[in-house]
Amino acid sequence: MPRLPRKPSAPRPYGVGAVAAGWTRRRAAREPRVVVREASGQPHALSADDPRAQALLDAAERLISATQRGAAQ
């Protein structure tokens, strides 16, 4: 019995543009994000240049440093 022809699949991204896009996605995924919950419970992401986001990131860095110092002792 002859095989049926395969259906064409979606084009796959190949080349330098796809590699650069992958790097950009991974870099964006590693950037710190600040997400706060509103009073209604809905999450809200703060932009990176928001002073509230900077204050929260600084506090998070201090907490991480404190726990690392405590674990080393």
# chains A, B, ... in the order shown; residues from 1 in each chain; ligands from 1
call {"tool": "select_by_dssp", "arguments": {"residues": "segment 20-53 of chain A", "states": "strand (DSSP E or B)", "output": "PyMOL selection string"}}
result
chain A and resi 34-37+43-46
call {"tool": "write_last_selection", "arguments": {"atoms": "C-alpha atoms", "output": "PDB file, in the first residue's frame"}}
result
ATOM      1  CA  VAL A  34       8.731  42.870  39.950  1.00  0.00           C
ATOM      2  CA  VAL A  35       5.163  41.640  40.113  1.00  0.00           C
ATOM      3  CA  VAL A  36       2.883  42.919  42.855  1.00  0.00           C
ATOM      4  CA  ARG A  37      -0.704  41.997  43.598  1.00  0.00           C
ATOM      5  CA  PRO A  43      -0.997  40.646  39.520  1.00  0.00           C
ATOM      6  CA  HIS A  44       0.560  43.826  38.174  1.00  0.00           C
ATOM      7  CA  ALA A  45       4.084  43.996  36.734  1.00  0.00           C
ATOM      8  CA  LEU A  46       6.085  47.118  37.496  1.00  0.00           C
TER       9      LEU A  46
END
call {"tool": "select_by_dssp", "arguments": {"residues": "chain A", "states": "alpha helix (DSSP H)", "output": "JSON, numbers by chain"}}
result
{"A": [16, 17, 18, 19, 20, 21, 22, 23, 24, 25, 26, 27, 28, 29, 30, 51, 52, 53, 54, 55, 56, 57, 58, 59, 60, 61, 62, 63, 64, 65, 66, 67, 68, 69, 70, 71, 72]}
call {"tool": "closest_residue", "arguments": {"among": "A:Arg33, A:Glu38, A:Pro2, A:Ser65", "to": "Asp50 of chain A", "atoms": "only C-alpha atoms"}}
result
A:Arg33
call {"tool": "atom_distance", "arguments": {"atom1": "atom CA of Arg62 of chain A", "atom2": "atom CA of Ser40 of chain A"}}
result
28.7 Å
